[in-house]
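Structure file coords.txt (compact mmCIF, C-alpha atoms and all ligand atoms) is printed below.
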# COMPACT_ATOMS: atom_id res chain seq x y z
CA MET A 1 2.96 -38.24 6.11
CA PRO A 2 -0.40 -37.27 4.61
CA ARG A 3 -0.50 -36.83 0.85
CA ILE A 4 -2.02 -33.45 0.03
CA LEU A 5 -3.35 -32.63 -3.44
CA ILE A 6 -3.49 -28.91 -4.23
CA THR A 7 -5.14 -27.91 -7.50
CA GLY A 8 -4.83 -24.48 -9.08
CA THR A 9 -1.26 -23.79 -7.91
CA SER A 10 -0.67 -21.44 -10.85
CA GLY A 11 -3.44 -19.21 -9.47
CA GLN A 12 -3.48 -16.66 -6.66
CA LEU A 13 -4.67 -18.90 -3.85
CA GLY A 14 -3.03 -22.14 -4.97
CA PHE A 15 0.34 -20.41 -5.10
CA GLU A 16 0.00 -19.32 -1.45
CA LEU A 17 -1.32 -22.72 -0.38
CA GLN A 18 1.93 -24.37 -1.43
CA ARG A 19 3.76 -22.20 1.12
CA ALA A 20 1.15 -22.55 3.87
CA LEU A 21 0.45 -26.29 3.63
CA CYS A 22 3.91 -27.72 3.03
CA LEU A 23 4.39 -28.22 6.79
CA PHE A 24 1.60 -30.77 6.94
CA GLY A 25 2.54 -33.40 4.42
CA GLU A 26 3.76 -34.30 1.00
CA LEU A 27 2.29 -31.92 -1.56
CA ARG A 28 1.10 -33.00 -5.01
CA CYS A 29 0.45 -30.01 -7.26
CA PRO A 30 -0.48 -31.17 -10.77
CA GLY A 31 -1.11 -28.35 -13.22
CA ARG A 32 -3.94 -28.27 -15.74
CA GLN A 33 -1.84 -30.32 -18.21
CA ARG A 34 -1.71 -33.26 -15.78
CA LEU A 35 -5.08 -32.84 -14.07
CA ASN A 36 -7.71 -31.06 -16.14
CA LEU A 37 -10.79 -30.34 -14.03
CA ALA A 38 -12.92 -29.98 -17.15
CA SER A 39 -13.03 -33.81 -17.20
CA ARG A 40 -14.75 -35.55 -14.32
CA GLN A 41 -13.27 -38.87 -15.49
CA ALA A 42 -9.76 -37.41 -15.45
CA VAL A 43 -10.31 -36.17 -11.89
CA LEU A 44 -11.46 -39.57 -10.66
CA ALA A 45 -8.66 -41.39 -12.51
CA TRP A 46 -6.04 -39.06 -10.98
CA LEU A 47 -7.45 -39.56 -7.48
CA ASP A 48 -7.58 -43.35 -7.89
CA ALA A 49 -3.96 -43.39 -9.00
CA GLU A 50 -2.51 -40.95 -6.45
CA ARG A 51 -4.83 -41.54 -3.46
CA PRO A 52 -4.41 -38.27 -1.54
CA ASP A 53 -5.43 -38.03 2.12
CA VAL A 54 -6.35 -34.36 1.68
CA ILE A 55 -7.75 -32.62 -1.42
CA VAL A 56 -7.40 -28.84 -1.51
CA ASN A 57 -9.28 -27.55 -4.51
CA ALA A 58 -8.08 -24.03 -5.31
CA ALA A 59 -8.64 -24.43 -9.05
CA ALA A 60 -11.70 -22.80 -10.54
CA TYR A 61 -13.08 -21.22 -13.66
CA THR A 62 -12.78 -17.62 -12.41
CA ALA A 63 -13.33 -15.59 -15.62
CA VAL A 64 -16.62 -14.11 -14.41
CA ASP A 65 -17.63 -12.38 -17.66
CA GLN A 66 -16.37 -15.09 -20.01
CA ALA A 67 -18.40 -17.66 -18.07
CA GLU A 68 -21.58 -16.08 -19.45
CA SER A 69 -20.67 -17.50 -22.87
CA GLU A 70 -19.11 -20.77 -21.58
CA PRO A 71 -21.63 -22.04 -19.03
CA GLU A 72 -20.94 -25.75 -19.68
CA LEU A 73 -17.20 -25.37 -19.12
CA ALA A 74 -17.74 -23.23 -16.00
CA HIS A 75 -20.12 -25.88 -14.67
CA ALA A 76 -17.71 -28.74 -15.43
CA ILE A 77 -14.80 -27.07 -13.60
CA ASN A 78 -16.69 -25.35 -10.76
CA ALA A 79 -19.44 -27.85 -10.03
CA SER A 80 -18.89 -31.27 -11.61
CA ALA A 81 -15.18 -31.57 -10.70
CA PRO A 82 -15.62 -30.61 -7.02
CA GLY A 83 -18.58 -33.01 -6.90
CA ALA A 84 -16.35 -35.82 -8.18
CA MET A 85 -13.64 -34.91 -5.66
CA ALA A 86 -16.19 -34.96 -2.84
CA GLN A 87 -17.61 -38.34 -3.88
CA TRP A 88 -14.12 -39.80 -4.05
CA ALA A 89 -13.28 -38.24 -0.66
CA ALA A 90 -16.42 -39.76 0.88
CA ALA A 91 -15.58 -43.21 -0.45
CA ASN A 92 -11.92 -42.99 0.64
CA ASP A 93 -12.20 -41.07 3.93
CA ALA A 94 -10.23 -38.12 2.57
CA LEU A 95 -10.67 -34.51 3.67
CA LEU A 96 -11.75 -31.90 1.11
CA LEU A 97 -11.01 -28.19 1.39
CA HIS A 98 -12.97 -26.32 -1.25
CA TYR A 99 -13.41 -22.60 -1.97
CA SER A 100 -16.43 -20.62 -3.01
CA THR A 101 -17.45 -17.04 -3.55
CA ASP A 102 -19.48 -14.07 -2.35
CA TYR A 103 -20.99 -14.14 -5.85
CA VAL A 104 -23.37 -16.91 -4.72
CA PHE A 105 -25.39 -14.06 -3.16
CA ASP A 106 -27.52 -11.54 -5.02
CA GLY A 107 -26.08 -8.56 -3.13
CA SER A 108 -29.40 -7.10 -2.02
CA GLY A 109 -29.60 -5.17 1.25
CA GLU A 110 -26.74 -3.83 3.33
CA THR A 111 -26.24 -6.55 5.91
CA ALA A 112 -23.19 -8.78 5.81
CA TRP A 113 -24.07 -12.24 4.44
CA ARG A 114 -24.07 -15.21 6.78
CA GLU A 115 -23.31 -18.79 5.79
CA ASP A 116 -26.95 -19.91 5.89
CA ASP A 117 -28.41 -16.92 4.04
CA ALA A 118 -30.21 -17.88 0.85
CA ALA A 119 -27.96 -18.08 -2.20
CA ARG A 120 -29.29 -16.43 -5.34
CA PRO A 121 -26.39 -16.06 -7.79
CA LEU A 122 -26.72 -13.42 -10.49
CA SER A 123 -24.13 -14.81 -12.91
CA VAL A 124 -23.17 -18.10 -14.57
CA TYR A 125 -19.95 -18.07 -12.52
CA GLY A 126 -21.84 -17.55 -9.25
CA HIS A 127 -24.33 -20.25 -10.20
CA SER A 128 -21.60 -22.76 -11.09
CA LYS A 129 -19.85 -22.12 -7.76
CA TRP A 130 -23.12 -22.56 -5.88
CA GLN A 131 -23.73 -25.86 -7.66
CA GLY A 132 -20.20 -26.90 -6.70
CA GLU A 133 -20.94 -26.18 -3.05
CA GLN A 134 -24.13 -28.21 -3.19
CA ALA A 135 -22.36 -31.15 -4.85
CA VAL A 136 -19.68 -31.14 -2.12
CA ARG A 137 -22.29 -31.07 0.67
CA ALA A 138 -24.37 -33.81 -0.97
CA ALA A 139 -21.44 -36.23 -1.18
CA GLY A 140 -21.17 -36.50 2.61
CA CYS A 141 -17.37 -36.30 2.86
CA ARG A 142 -15.47 -34.48 5.60
CA HIS A 143 -15.16 -31.02 4.11
CA PHE A 144 -14.63 -27.34 4.64
CA ILE A 145 -16.12 -24.95 2.09
CA LEU A 146 -14.47 -21.54 2.52
CA ARG A 147 -16.43 -18.74 0.86
CA THR A 148 -14.35 -15.66 0.21
CA SER A 149 -14.40 -12.37 -1.69
CA TRP A 150 -12.32 -10.05 -3.90
CA VAL A 151 -9.16 -12.20 -3.69
CA ALA A 152 -5.81 -10.47 -4.21
CA GLY A 153 -2.45 -12.23 -4.28
CA VAL A 154 1.11 -11.35 -5.19
CA HIS A 155 0.98 -14.12 -7.76
CA GLY A 156 -1.68 -13.96 -10.47
CA SER A 157 -4.10 -11.31 -11.68
CA ASN A 158 -6.38 -9.20 -9.53
CA PHE A 159 -8.02 -5.80 -9.25
CA ALA A 160 -5.29 -4.21 -7.08
CA LYS A 161 -2.54 -5.15 -9.52
CA SER A 162 -4.64 -3.97 -12.48
CA MET A 163 -5.20 -0.59 -10.82
CA LEU A 164 -1.46 -0.18 -10.15
CA ARG A 165 -0.66 -1.09 -13.75
CA LEU A 166 -3.28 1.30 -15.16
CA ALA A 167 -2.27 4.15 -12.82
CA ALA A 168 1.26 3.88 -14.22
CA SER A 169 0.09 4.65 -17.77
CA LYS A 170 -3.33 6.39 -17.70
CA GLU A 171 -4.16 9.96 -16.79
CA GLN A 172 -7.73 9.14 -15.87
CA LEU A 173 -9.39 6.04 -14.37
CA ARG A 174 -13.13 5.57 -13.90
CA VAL A 175 -13.95 3.02 -11.19
CA VAL A 176 -17.29 1.69 -9.96
CA ASN A 177 -18.35 3.17 -6.64
CA ASP A 178 -21.68 1.45 -5.96
CA GLN A 179 -20.57 -2.17 -5.53
CA PHE A 180 -19.38 -3.05 -2.04
CA GLY A 181 -17.32 -5.97 -0.76
CA THR A 182 -14.08 -6.83 1.02
CA PRO A 183 -10.65 -7.34 -0.52
CA THR A 184 -9.07 -10.53 0.84
CA PRO A 185 -5.42 -11.51 0.40
CA ALA A 186 -4.78 -14.99 -0.96
CA SER A 187 -2.14 -15.36 1.78
CA LEU A 188 -4.77 -14.85 4.51
CA LEU A 189 -7.02 -17.46 2.95
CA ALA A 190 -4.09 -19.88 2.70
CA ASP A 191 -3.16 -19.28 6.34
CA VAL A 192 -6.73 -19.94 7.50
CA SER A 193 -6.72 -23.12 5.39
CA ALA A 194 -3.50 -24.19 7.14
CA GLN A 195 -5.10 -23.63 10.54
CA LEU A 196 -8.08 -25.79 9.64
CA LEU A 197 -5.95 -28.51 8.11
CA GLY A 198 -3.56 -28.55 11.09
CA ARG A 199 -6.44 -28.98 13.51
CA THR A 200 -8.04 -31.71 11.42
CA LEU A 201 -4.82 -33.69 11.19
CA GLN A 202 -4.51 -33.55 14.99
CA ASP A 203 -8.14 -34.51 15.59
CA SER A 204 -10.48 -35.65 12.83
CA GLU A 205 -13.54 -34.66 14.90
CA GLN A 206 -13.96 -31.07 13.71
CA PRO A 207 -16.91 -28.73 13.11
CA TYR A 208 -16.75 -29.24 9.35
CA GLY A 209 -18.96 -27.28 7.00
CA THR A 210 -19.22 -23.91 5.30
CA TYR A 211 -17.41 -20.84 6.61
CA HIS A 212 -17.02 -17.28 5.38
CA VAL A 213 -13.39 -16.11 5.28
CA ALA A 214 -12.60 -12.53 4.31
CA SER A 215 -10.74 -9.54 5.72
CA GLY A 216 -12.66 -7.22 8.02
CA GLY A 217 -14.56 -4.15 6.87
CA CYS A 218 -16.11 -3.13 3.59
CA THR A 219 -15.26 -0.88 0.66
CA SER A 220 -16.25 -0.07 -2.91
CA TRP A 221 -14.07 -0.82 -5.95
CA TYR A 222 -13.43 2.93 -6.21
CA HIS A 223 -12.22 3.33 -2.61
CA TYR A 224 -10.18 0.13 -2.95
CA ALA A 225 -8.45 1.59 -6.02
CA GLU A 226 -7.95 4.90 -4.22
CA TYR A 227 -6.30 3.10 -1.29
CA VAL A 228 -3.92 1.00 -3.38
CA ILE A 229 -2.95 3.86 -5.70
CA GLY A 230 -2.44 6.05 -2.61
CA LEU A 231 0.04 3.51 -1.23
CA ALA A 232 1.91 3.52 -4.54
CA ARG A 233 2.00 7.33 -4.58
CA GLU A 234 3.36 7.41 -1.01
CA ALA A 235 6.00 4.83 -1.93
CA GLY A 236 7.15 7.02 -4.82
CA TRP A 237 5.99 4.84 -7.71
CA PRO A 238 6.12 6.77 -11.00
CA LEU A 239 2.41 7.22 -11.82
CA ALA A 240 0.88 8.86 -14.86
CA LEU A 241 -2.40 9.24 -12.95
CA PRO A 242 -2.69 12.71 -11.33
CA GLY A 243 -4.10 13.10 -7.80
CA ASP A 244 -7.54 13.97 -9.21
CA GLY A 245 -7.46 11.39 -12.01
CA LEU A 246 -9.49 8.68 -10.26
CA LEU A 247 -13.21 9.15 -10.89
CA PRO A 248 -16.08 7.33 -9.12
CA ILE A 249 -18.79 6.04 -11.46
CA PRO A 250 -21.97 3.99 -11.02
CA GLY A 251 -21.86 0.36 -12.14
CA ALA A 252 -24.47 1.24 -14.78
CA ASP A 253 -21.77 3.30 -16.55
CA TYR A 254 -19.46 0.28 -16.75
CA PRO A 255 -21.50 -2.47 -18.38
CA GLN A 256 -20.08 -5.98 -18.08
CA GLN A 257 -21.34 -9.30 -19.42
CA ALA A 258 -21.96 -10.74 -15.95
CA GLN A 259 -24.03 -9.02 -13.30
CA ARG A 260 -22.23 -8.49 -9.97
CA PRO A 261 -23.81 -8.32 -6.51
CA ALA A 262 -24.12 -4.72 -5.23
CA TYR A 263 -23.32 -5.65 -1.63
CA SER A 264 -21.45 -8.90 -1.01
CA VAL A 265 -19.73 -8.31 2.33
CA LEU A 266 -19.37 -11.62 4.19
CA ASP A 267 -20.05 -12.02 7.91
CA CYS A 268 -17.07 -14.07 9.14
CA SER A 269 -18.08 -14.32 12.80
CA LYS A 270 -18.79 -18.08 12.57
CA LEU A 271 -15.18 -18.84 11.61
CA GLN A 272 -13.75 -16.45 14.19
CA GLN A 273 -15.89 -17.78 17.03
CA THR A 274 -15.57 -21.46 16.14
CA PHE A 275 -11.81 -21.49 15.68
CA GLY A 276 -10.73 -18.49 17.79
CA LEU A 277 -9.19 -16.71 14.82
CA ARG A 278 -9.00 -12.96 14.22
CA LEU A 279 -9.28 -11.66 10.67
CA PRO A 280 -7.44 -8.36 10.01
CA GLY A 281 -9.12 -5.33 8.42
CA TRP A 282 -8.86 -5.14 4.65
CA GLN A 283 -6.56 -2.08 4.69
CA GLN A 284 -4.00 -3.86 6.89
CA ALA A 285 -4.20 -6.96 4.73
CA ILE A 286 -3.85 -5.04 1.45
CA HIS A 287 -1.07 -2.91 2.91
CA GLN A 288 0.92 -6.12 3.46
CA LEU A 289 0.20 -7.25 -0.09
CA PHE A 290 1.34 -3.86 -1.40
CA ALA A 291 4.54 -4.01 0.68
CA THR A 292 5.42 -7.30 -1.03
CA LEU A 293 4.72 -5.85 -4.49
CA ASP A 294 6.75 -2.75 -3.59
CA ALA A 295 9.72 -4.81 -2.38
CA ALA A 296 9.61 -6.90 -5.58
CA ARG A 297 9.56 -3.72 -7.67
CA ARG A 298 12.63 -2.34 -5.90
CA ASP A 299 14.65 -5.57 -6.33
N1 LIG B 1 -10.44 -14.18 -7.51
C1 LIG B 1 -11.40 -13.75 -6.73
O1 LIG B 1 -11.63 -12.54 -6.58
C2 LIG B 1 -12.26 -14.73 -5.97
C3 LIG B 1 -13.33 -14.24 -5.19
C4 LIG B 1 -14.11 -15.15 -4.46
C5 LIG B 1 -13.81 -16.50 -4.52
N2 LIG B 1 -12.79 -16.95 -5.29
C6 LIG B 1 -12.54 -18.39 -5.32
O2 LIG B 1 -11.27 -18.61 -4.73
C7 LIG B 1 -10.64 -19.75 -5.35
C8 LIG B 1 -9.26 -19.36 -5.83
O3 LIG B 1 -9.37 -18.31 -6.79
P1 LIG B 1 -8.08 -17.61 -7.42
O4 LIG B 1 -8.35 -16.14 -7.44
O5 LIG B 1 -6.86 -18.12 -6.80
O6 LIG B 1 -8.19 -18.14 -8.90
P2 LIG B 1 -7.19 -17.88 -10.13
O7 LIG B 1 -6.03 -17.02 -9.70
O8 LIG B 1 -8.01 -17.43 -11.28
O9 LIG B 1 -6.59 -19.34 -10.43
C9 LIG B 1 -7.43 -20.34 -10.93
C10 LIG B 1 -6.62 -21.60 -10.99
O10 LIG B 1 -7.48 -22.64 -11.48
C11 LIG B 1 -6.79 -23.32 -12.51
N3 LIG B 1 -7.70 -23.92 -13.48
C12 LIG B 1 -8.66 -23.29 -14.21
N4 LIG B 1 -9.25 -24.17 -15.01
C13 LIG B 1 -8.67 -25.37 -14.78
C14 LIG B 1 -8.85 -26.67 -15.32
N5 LIG B 1 -9.75 -26.92 -16.28
N6 LIG B 1 -8.10 -27.69 -14.83
C15 LIG B 1 -7.16 -27.46 -13.88
N7 LIG B 1 -6.93 -26.25 -13.35
C16 LIG B 1 -7.68 -25.21 -13.80
C17 LIG B 1 -5.91 -22.26 -13.16
O11 LIG B 1 -4.91 -22.89 -13.90
P3 LIG B 1 -4.34 -22.24 -15.28
O12 LIG B 1 -3.19 -21.36 -14.86
O13 LIG B 1 -3.92 -23.42 -16.08
O14 LIG B 1 -5.46 -21.47 -15.91
C18 LIG B 1 -5.40 -21.54 -11.93
O15 LIG B 1 -4.33 -22.24 -11.36
C19 LIG B 1 -11.60 -20.21 -6.44
O16 LIG B 1 -12.43 -21.22 -5.93
C20 LIG B 1 -12.45 -18.98 -6.72
O17 LIG B 1 -13.73 -19.32 -7.23
C21 LIG B 1 -11.99 -16.11 -6.00
This entry written out as structure tokens:
Amino acid sequence: MPRILITGTSGQLGFELQRALCLFGELRCPGRQRLNLASRQAVLAWLDAERPDVIVNAAAYTAVDQAESEPELAHAINASAPGAMAQWAAANDALLLHYSTDYVFDGSGETAWREDDAARPLSVYGHSKWQGEQAVRAAGCRHFILRTSWVAGVHGSNFAKSMLRLAASKEQLRVVNDQFGTPTPASLLADVSAQLLGRTLQDSEQPYGTYHVASGGCTSWYHYAEYVIGLAREAGWPLALPGDGLLPIPGADYPQQAQRPAYSVLDCSKLQQTFGLRLPGWQQAIHQLFATLDAARRD
């Protein structure tokens, strides 16, 4: 039985990975207390002691605005730790699944980003994730880097859950309508990861490398909020927000510490063609996420 390390299991993606990957081997899921990615030495010591066959790195410093004032910590967790994992994997013939972000791109233009488009991150977070990618590639281990966008899971914090919480108590919400991307459920990302891992365990000769993984389509934060709040309204959730209480605003009216890309839609055709997978549209994917939240609310 392969030993599979999953980091970040208290987060959105890591939580789903525990469900999706448990079929493939014996999971090891140390939390931050036992494996702190801020320390490269701690990462290498843990790997030497536990010797996993597969490393699935779902942990990351994801506080995009806070990263602007903690660049060293963001770099340690998002770049140095994955680099150490990749070096260890190369030396020990382990497989590394690592995750990255649409925020490695600058968001210019209106064409979906392909894997080999030039990265030009606008934020410390985006830069640290890009450095993490480069460190993984440089190590020469067998790896998949899955770049994704606007992750939303049942477990953990995300935009959809924030909008539902705010709509329950506020009579007006102002949401940015000039940044475009694609909401992607953590469960979808975990299921794609399971597909790739399953294939690799059957046959270690795989087209490793970097792949974009997101739902289909594109939306703005405003239309995303409108969709999720609409689902809650239809399902009879008690909302303080009236039907005309959601207001579209330009990003310039909602200043944040970190700059976000204006258009970060990912072109996922490489993954779909290489592995014969179909990625659902974002509305279908978010509808499923909402159904789970709705069922939990009714219990
Ligand atoms: N969220 C998004 O919208 C988004 C978009 C694009 C790409 N991604 C990428 O997708 C991946 C998964 O993101 P996510 O949304 O699941 O993240 P998340 O919900 O914010 O979870 C992050 C996880 O990392 C752990 N972590 C943070 N610092 C750590 C440290 N020093 N040592 C050990 N563990 C640490 C957290 O543990 P604690 O509970 O202890 O803090 C948590 O389990 C990441 O690579 C992220 O960059 C996310």
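Proximity of A:Pro71, A:Gly25, A:Pro183, A:Gly107 to ligand LIG 1 (chain B), computed with all atoms listed in the file, is greatest for A:Pro183.
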Would you place a box with edges along x, y and z of the file around all atoms of region 97-105 of chain A listed there, add 3 Å to each of its six sides, and report the centre and edge lengths in Å to one decimal, as AutoDock Vina command-line options?
--center_x -18.2 --center_y -21.1 --center_z -2.2 --size_x 20.4 --size_y 20.1 --size_z 13.2
Which chain A residues have any atom within 8 Å of an atom of ligand LIG 1 (chain B), and for each, what is the nearest pair of atoms with distance in Å to one decimal, counting all atoms listed in the file, rows sorted by chain and number, as JSON lines?
{"residue": "A:Thr7", "atom": "CA", "partner": "B:LIG1", "partner_atom": "N7", "distance": 6.3}
{"residue": "A:Gly8", "atom": "CA", "partner": "B:LIG1", "partner_atom": "O15", "distance": 3.2}
{"residue": "A:Thr9", "atom": "CA", "partner": "B:LIG1", "partner_atom": "O15", "distance": 4.9}
{"residue": "A:Ser10", "atom": "CA", "partner": "B:LIG1", "partner_atom": "O15", "distance": 3.8}
{"residue": "A:Gly11", "atom": "CA", "partner": "B:LIG1", "partner_atom": "O9", "distance": 3.3}
{"residue": "A:Gln12", "atom": "CA", "partner": "B:LIG1", "partner_atom": "O5", "distance": 3.7}
{"residue": "A:Leu13", "atom": "CA", "partner": "B:LIG1", "partner_atom": "O5", "distance": 3.8}
{"residue": "A:Gly14", "atom": "CA", "partner": "B:LIG1", "partner_atom": "O5", "distance": 5.8}
{"residue": "A:Phe15", "atom": "CA", "partner": "B:LIG1", "partner_atom": "O5", "distance": 7.7}
{"residue": "A:Gly31", "atom": "CA", "partner": "B:LIG1", "partner_atom": "C15", "distance": 6.2}
{"residue": "A:Arg32", "atom": "CA", "partner": "B:LIG1", "partner_atom": "C15", "distance": 3.8}
{"residue": "A:Gln33", "atom": "CA", "partner": "B:LIG1", "partner_atom": "C15", "distance": 7.4}
{"residue": "A:Leu35", "atom": "CA", "partner": "B:LIG1", "partner_atom": "C15", "distance": 5.8}
{"residue": "A:Asn36", "atom": "CA", "partner": "B:LIG1", "partner_atom": "N6", "distance": 3.6}
{"residue": "A:Leu37", "atom": "CA", "partner": "B:LIG1", "partner_atom": "N6", "distance": 3.9}
{"residue": "A:Ala38", "atom": "CA", "partner": "B:LIG1", "partner_atom": "N5", "distance": 4.5}
{"residue": "A:Ser39", "atom": "CA", "partner": "B:LIG1", "partner_atom": "N5", "distance": 7.7}
{"residue": "A:Asn57", "atom": "CA", "partner": "B:LIG1", "partner_atom": "O16", "distance": 7.2}
{"residue": "A:Ala58", "atom": "CA", "partner": "B:LIG1", "partner_atom": "C8", "distance": 4.8}
{"residue": "A:Ala59", "atom": "CA", "partner": "B:LIG1", "partner_atom": "O10", "distance": 3.2}
{"residue": "A:Ala60", "atom": "CA", "partner": "B:LIG1", "partner_atom": "O10", "distance": 4.3}
{"residue": "A:Tyr61", "atom": "CA", "partner": "B:LIG1", "partner_atom": "C12", "distance": 4.9}
{"residue": "A:Thr62", "atom": "CA", "partner": "B:LIG1", "partner_atom": "O8", "distance": 4.9}
{"residue": "A:Ala63", "atom": "CA", "partner": "B:LIG1", "partner_atom": "O8", "distance": 7.1}
{"residue": "A:Ile77", "atom": "CA", "partner": "B:LIG1", "partner_atom": "N5", "distance": 5.7}
{"residue": "A:Asn78", "atom": "CA", "partner": "B:LIG1", "partner_atom": "O17", "distance": 7.6}
{"residue": "A:His98", "atom": "CA", "partner": "B:LIG1", "partner_atom": "O16", "distance": 6.9}
{"residue": "A:Tyr99", "atom": "CA", "partner": "B:LIG1", "partner_atom": "O16", "distance": 4.3}
{"residue": "A:Ser100", "atom": "CA", "partner": "B:LIG1", "partner_atom": "O16", "distance": 5.0}
{"residue": "A:Thr101", "atom": "CA", "partner": "B:LIG1", "partner_atom": "C5", "distance": 3.8}
{"residue": "A:Asp102", "atom": "CA", "partner": "B:LIG1", "partner_atom": "C4", "distance": 5.9}
{"residue": "A:Tyr103", "atom": "CA", "partner": "B:LIG1", "partner_atom": "C4", "distance": 7.1}
{"residue": "A:Lys129", "atom": "CA", "partner": "B:LIG1", "partner_atom": "O17", "distance": 6.8}
{"residue": "A:Arg147", "atom": "CA", "partner": "B:LIG1", "partner_atom": "C5", "distance": 6.4}
{"residue": "A:Thr148", "atom": "CA", "partner": "B:LIG1", "partner_atom": "C4", "distance": 4.7}
{"residue": "A:Ser149", "atom": "CA", "partner": "B:LIG1", "partner_atom": "C4", "distance": 3.9}
{"residue": "A:Trp150", "atom": "CA", "partner": "B:LIG1", "partner_atom": "O1", "distance": 3.7}
{"residue": "A:Val151", "atom": "CA", "partner": "B:LIG1", "partner_atom": "O1", "distance": 3.8}
{"residue": "A:Ala152", "atom": "CA", "partner": "B:LIG1", "partner_atom": "O1", "distance": 6.6}
{"residue": "A:Gly153", "atom": "CA", "partner": "B:LIG1", "partner_atom": "O4", "distance": 7.8}
{"residue": "A:His155", "atom": "CA", "partner": "B:LIG1", "partner_atom": "O7", "distance": 7.8}
{"residue": "A:Gly156", "atom": "CA", "partner": "B:LIG1", "partner_atom": "O7", "distance": 5.4}
{"residue": "A:Ser157", "atom": "CA", "partner": "B:LIG1", "partner_atom": "O7", "distance": 6.3}
{"residue": "A:Asn158", "atom": "CA", "partner": "B:LIG1", "partner_atom": "N1", "distance": 6.7}
{"residue": "A:Ala186", "atom": "CA", "partner": "B:LIG1", "partner_atom": "O5", "distance": 6.9}
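Across the structure, CA of Asn92 (chain A) and CA of Pro30 (chain A) are spaced 20.0 Å apart.
The interatomic distance for the pair CA of Tyr263 (chain A) and CA of Phe180 (chain A) works out to 4.7 Å.
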Using all atoms listed in the file for the distances, tell me which of A:Asp116, A:Asp267, A:Asp93, A:Glu226 is nearest to Pro52 (chain A). A:Asp93
Considering only C-alpha atoms, can you say which of A:His287, A:His212, A:Arg3, A:Arg297 comes closest to Thr274 (chain A)?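 When distances to Thr274 (chain A) are compared using only C-alpha atoms, the smallest one comes from A:His212.
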Supply region 55-59 of chain A as a tab-separated table (two decimals), in the coordinates of the input, with all heavy atoms built in where the input has gaps.
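Resulting contents of result-v4.tsv:
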chain	number	residue	atom	x	y	z
A	55	ILE	N	-7.59	-33.27	-0.10
A	55	ILE	CA	-7.75	-32.62	-1.42
A	55	ILE	C	-8.05	-31.15	-1.16
A	55	ILE	O	-9.01	-30.82	-0.46
A	55	ILE	CB	-8.94	-33.24	-2.20
A	55	ILE	CG1	-8.75	-34.74	-2.37
A	55	ILE	CG2	-9.14	-32.54	-3.53
A	55	ILE	CD1	-10.00	-35.47	-2.91
A	56	VAL	N	-7.20	-30.29	-1.69
A	56	VAL	CA	-7.40	-28.84	-1.51
A	56	VAL	C	-7.66	-28.27	-2.90
A	56	VAL	O	-6.75	-28.18	-3.72
A	56	VAL	CB	-6.16	-28.20	-0.86
A	56	VAL	CG1	-6.43	-26.73	-0.56
A	56	VAL	CG2	-5.78	-28.94	0.43
A	57	ASN	N	-8.89	-27.92	-3.15
A	57	ASN	CA	-9.28	-27.55	-4.51
A	57	ASN	C	-9.32	-26.03	-4.69
A	57	ASN	O	-10.35	-25.39	-4.52
A	57	ASN	CB	-10.64	-28.15	-4.85
A	57	ASN	CG	-11.03	-27.84	-6.28
A	57	ASN	OD1	-10.16	-27.74	-7.16
A	57	ASN	ND2	-12.32	-27.67	-6.54
A	58	ALA	N	-8.16	-25.48	-5.07
A	58	ALA	CA	-8.08	-24.03	-5.31
A	58	ALA	C	-8.27	-23.69	-6.79
A	58	ALA	O	-8.27	-22.52	-7.15
A	58	ALA	CB	-6.74	-23.49	-4.83
A	59	ALA	N	-8.42	-24.71	-7.62
A	59	ALA	CA	-8.64	-24.43	-9.05
A	59	ALA	C	-10.10	-24.06	-9.27
A	59	ALA	O	-11.00	-24.57	-8.59
A	59	ALA	CB	-8.30	-25.67	-9.89
